[in-house]
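**Student:** Handing you this structure, nothing more for now.
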Amino acid sequence: MWPDIGVRRARAASAGGRQALAGDDLPAAERQFGAALRRLSRAIGKDERATETAAAATIGLGRVCLARDDLHGADLRFAEVHKLRPAHWEGFFWTGCTAARRGEFARADWYLSAALARDSRQGRAYLQRAYVRLRQHRSEAALADLYAADHRQALDDRGRVLLAGLLLHRSRWTQAEEYVNSVSPAGRTPQAAALLGFALHRQGKLVAAHEAYQFALAGGYTEDTVLHQHGLVGYQLGRFISSVESWSTLTARYPERPEFATLRATACYAYARQLVEQREFALAARYLETAAVPGELNSTIAELHLQAAARIIDSTASGPLLAHLTRSRQLCAADPRPAHYLAVVAALTGRFDEAADLWRELPDGPRSRYGLALCAIGRGEPELALADLLDLASTSTDPLIRTRSAHAVVALSLRAGDWPTALAALEPVAGGDTGNETAWVGLHAEGLYRTGEYDTLLGLAATGPRRPWQDLARLRTAAAAAEPPGEDELEPVGRHRRAGLELALVLRETALAHAERGDWVPAATWLLRAERLDPTARPDATAQLRAPEERAPKLIDALVHGLGGHRRLAVERLAAASRRDPANRGLSHTRALMLLHTVTARELPPDEPEGWLACIGAWMSVLYDEEFWTGWQRRAEDRYGASVPTPMLDTLRTSLRELIEHRVAADHVNGGPPLTLLLRRENDAARVLRAAGGLPVEDPRHVEARLVCGPLRIIELGLQDQLGRFTVGLGNADARAEDLLRRFSQLGLAEVQLAAGRPAEALELARDLRCPDCRARGPEVPGADQLLVCADDCAYFDQYNPAFTALANKHQELAVGGTTLAVEALLGLAKAAVSEGTPDVDEVARFWRDAVEYAERSGSRTTVRQAVVDTAVGRAEALSHKEDWGRAVALLDLAVELVDPVETHRRDQLVTQLAAMLTTRGITTFNADASTVATACQDLARAVELSPHLLRARRNLGALLRVMALERFDQRDYLGAAPLLREAIEQFEHGLTDKPGDPEFTEWRDRAGADLNVVFRVLAGANHGRRR
Amino acid sequence: MIQDPLTVWNGPYPYDALAPAGVTPAYSHAQMAEVSFTLMTRRMMNPRTQKAWNELRDLQRRLLADFLLYDVDAAEEIADARAELAREFAAPTETPEAVRALAMPVEALTELTGELAEVVLDSAPPVSGQPLFGVFPPPSLIDSLIEFDR
């Protein structure tokens, strides 16, 4: 059993060694092979299987030596194998490989042949021997060995390529192609591709050969023959760029060999020619320059650059265009074209000096002269150009230059407003019925119209561009004036940009003629037609034509529209004019009147109730503008020839205010505050702004202008930021700033209600200062003690509170203002309630408490508490005089509750006052009705508690306690009477402490003491009787 | 002074009522006082004209009526507008074509296309396929393929 186990283990170790060797793990391989041999050491030579296994392990150790280039060690190992198995091939094979690696090719040949003699099936040995024989330059013998290896399926990719290479040496192209094609995909190296390309090329398979060469070169195998052949096959195929590239590489590699430069030049020429055919002129020019001997093909290359330039004329980048033209000019200086077009490019890009220099260098011709004239115009010297242009326009032999020069003359004349010269220049190019350029024919017709040549114009054929001017000419004739053309007839003229503008002017002139006669309705109709026809309102209008809204708005236009029935247009025009010139007093008056007449007559649709807001804003602005009134007074006096006293004007202003208030009375705008309320705020605000000197505004006349108005007008003009800055600029301490804040904001509405004696309404407004938008987002009404302003991100806050816009914490500041107003409103409500004959003290208390609560927030607690206390005390006193003790005491109680806690002295006074009043009430109540003794006692007890040193209260409290005790005594309630008497005695003794020896207190105490003794005696007697 | 046809007044607007008698806002106070003579001599005095005259001869009441008139000199405004119209009629205005005619036209560049000459190149010569290098594949390639086993 032992030998079998040992051999098996040795074989296993040997197999492990081979595996490690295949994985290049030489130490592991050596270890395993060594272990195998050790296991077999005693059996070698005795057991055949052990000997075989030992030989295999020894070969393994020899290969480990080979892998370490330890050729001597390898030889020793393989020699051992020869001894172990002299008839076996493998030891001889490896000895042959080792010898080959040593370069001992004869020895290698002998051992490999010995291996094959022992086993001729070993194809690998043939392959190795073929390599050895190649090194021995025995290529025929090598070829035979390679075939033998192939016959035994031992030829790998490398061997196949090698065999193909040897076949190429023997011009066996087909076989070589087959062997290269038989390699595996992994073996298709650039070198293999080069061999394949060569084999294919030699067989005339040009396309496949070109592809194979491309693969080889792309893979990095740029061997000389491959480059040369690649160029050749490319040339043969017409793929000249391949030839250019490969032969350029060879030219660079062998600069000393002119044949390559010649090949390269030939390829470049062929490629350039091909590019010309493909109309790729820029590339063609480049390759032709490379191909040509310097100076030889200059004119051709120059033409190619011109061709290339022509192809990129439309390109936005002028760099390549200039490069081609410049190179063309360099190559062929005698050709005038490059210089001319270089000048054109320069002129087009505003480089007039450069363009002029180029044209001056060229022979004097119409093109150069025209170009030079345009350069002079471009430089801002048209006077230097006109003579030449006039000459060219009449004498040039070049029809294009002649026309262009005429156009330039026309343009210069138009710029100078010289229509006769323009017309003369136009005559040859656009006159008569020969003109065919629409724009210039139209201009010619316009020239005839503008120079009054109506008959000539009307005598020409009515072509498209002429017709509008002919229509205008007819309109200008006397016959047309008698019977104006209808709108339909004018419509084609209106569509024409320039004629339409002219027509608009003509219609406007007509409108003014009607207005002059006071015929407002036709005037308005003509004016509207003029405005509708105004081509400047159309999208194709050029910048030089002014749109109606860009014109300074005209007062007369607005009046014509308004008086002619176009009320809305009139209001819009006046609003636009007023926005441009807010401090224009005459305009303000006209606008105020137009609005008043319009809204009063309900001429604006019901969906435009903003008319009233504008009306109110406009009127208050006029009514408080002193400078306007001074002017109006002067003009009235001039007209009347009599003095108009200022008081009369004051009365007039009051009448106007009442007139407007009377007319707006019933209206609301979009569910907002009543118009009357807005009117009064506007009125108050305008008065306050007047007192502050008016808001400085920009004035088109560049004089210092001040605007007096209310918030509606400020918002309409978009001046809220300006007003905000103005308000802040007045400074904190300035009362006018405070007035502006309170009037030019939502606070103003509450102010109006407050001033009108409506504190409840004022309170409601002061507590909700939100804009309608914020109000719509809820809550609907503020909660108890709440005060709401717009959200911090509200886009409308500034519109509703223009005076606050420049304040840092504008929302908080508005809330403080609202709180102050709420306090005033609450105090007003309380005052009204407390002043009634029999005031509801609970209601009054609620108002005062709320007022104090708001005052805490607005920082006015001291003054508000003082006001509340003073009112309460005064009213309590008044009520006490009427012996309305209940309300008087309740009010004083409120005063004690609401007095500022830090005002201790004042509080003590109030407490004393309250105690005194309670004392008086107790006494008076008891005196009036003795049955109320208990109630009276409560008052007095509270008085004593509030003011312990109030002797009157103490004396009366003691007395009433004694009265109550005596009542109990009479009712035989001796136990109830005793504590009352003790309490009475206590009160008298306290009185004696405060006023020692006072006879009255002494007497009362003694009486109560005697009463108490009687009670005790009665109680003792009763007890005695019960005991008995 | 221009009257708005929509002027609202308590009763007939006084200038309307007295217009047949030639009364205008330009009347002086003294002239207004004498309007009654005109009315009587022309037999135009009636409650309507009487009321209107009463309203206008009283300076305080006339001020209110006058304030509702546009204080605009229509003739002056129209003259200004006419003057501006005249300026606009006479103003030189250039057309886009005219503006373009004063600069080098872009077409001047495209004219190059019409001035080009055809370029014709002679055929390229054939090239020799004669080898310029040694045998292929070169020995170096053969040598690089030899690899002895190990």
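All residue names refer to the structure tokens as shown: chains lettered A, B, ... in order, residues numbered from 1 in each chain, ligands numbered from 1 in order.
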Just want the 10 Å neighbourhood of B:Ala86, counted on only C-alpha atoms, with same-chain residues fewer than 6 positions away dropped. Output as a list in words.
**Tutor:**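 Answer for this query is Leu505 and Glu509 of chain A; Asp80 of chain B.
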**Student:** Write to file, as a PDB file, in the first residue's frame, the residues of the selection just made, with C-alpha atoms.
**Tutor:**
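Okay, result-v4.pdb is ready:
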ATOM      1  CA  LEU A 505     -51.072 115.809 -39.550  1.00  0.00           C
ATOM      2  CA  GLU A 509     -55.073 120.407 -38.941  1.00  0.00           C
TER       3      GLU A 509
ATOM      4  CA  ASP B  80     -49.722 126.759 -30.400  1.00  0.00           C
TER       5      ASP B  80
END
**Student:** Mind checking which residues fall within 12 Å of B:Pro105, counting only C-alpha atoms, ignoring those fewer than 2 positions away in the same chain, and posting them as a ChimeraX atom specification?
**Tutor:** /A:344-345,347-349,370-371,374,400-401,404-405,407-408 /B:97-103,107-111
**Student:** Could you pull out the helix (DSSP H, G or I) residues of stretch 103-177 of chain A, going by DSSP on the backbone, and write them as a ChimeraX atom specification?
**Tutor:** /A:105-118,123-135,139-151,157-169,173-177
**Student:** So how many Å separate atom CA of A:Gly1021 and atom CA of A:Arg968, to one decimal?
**Tutor:** 17.5 Å
**Student:** Quick check, in Å to one decimal: how far apart do atom CA of A:Leu695 and atom CA of A:Gly724 lie?
**Tutor:**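 Interatomic distance here is 10.2 Å.
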**Student:** For stretch 50-60 of chain B, work out the shell of residues within 7 Å, counting only C-alpha atoms and skipping chain neighbours fewer than 5 positions away, then give it as a ChimeraX atom specification.
**Tutor:** /A:648 /B:14,17-18,29,32-33,45
**Student:** Point out the residue among A:Gly447, A:Pro839, A:Gly859, A:Pro382 with the least atom-to-atom distance to B:Thr93, counting only C-alpha atoms.
**Tutor:**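 Closest to B:Thr93, using only C-alpha atoms: A:Gly447.
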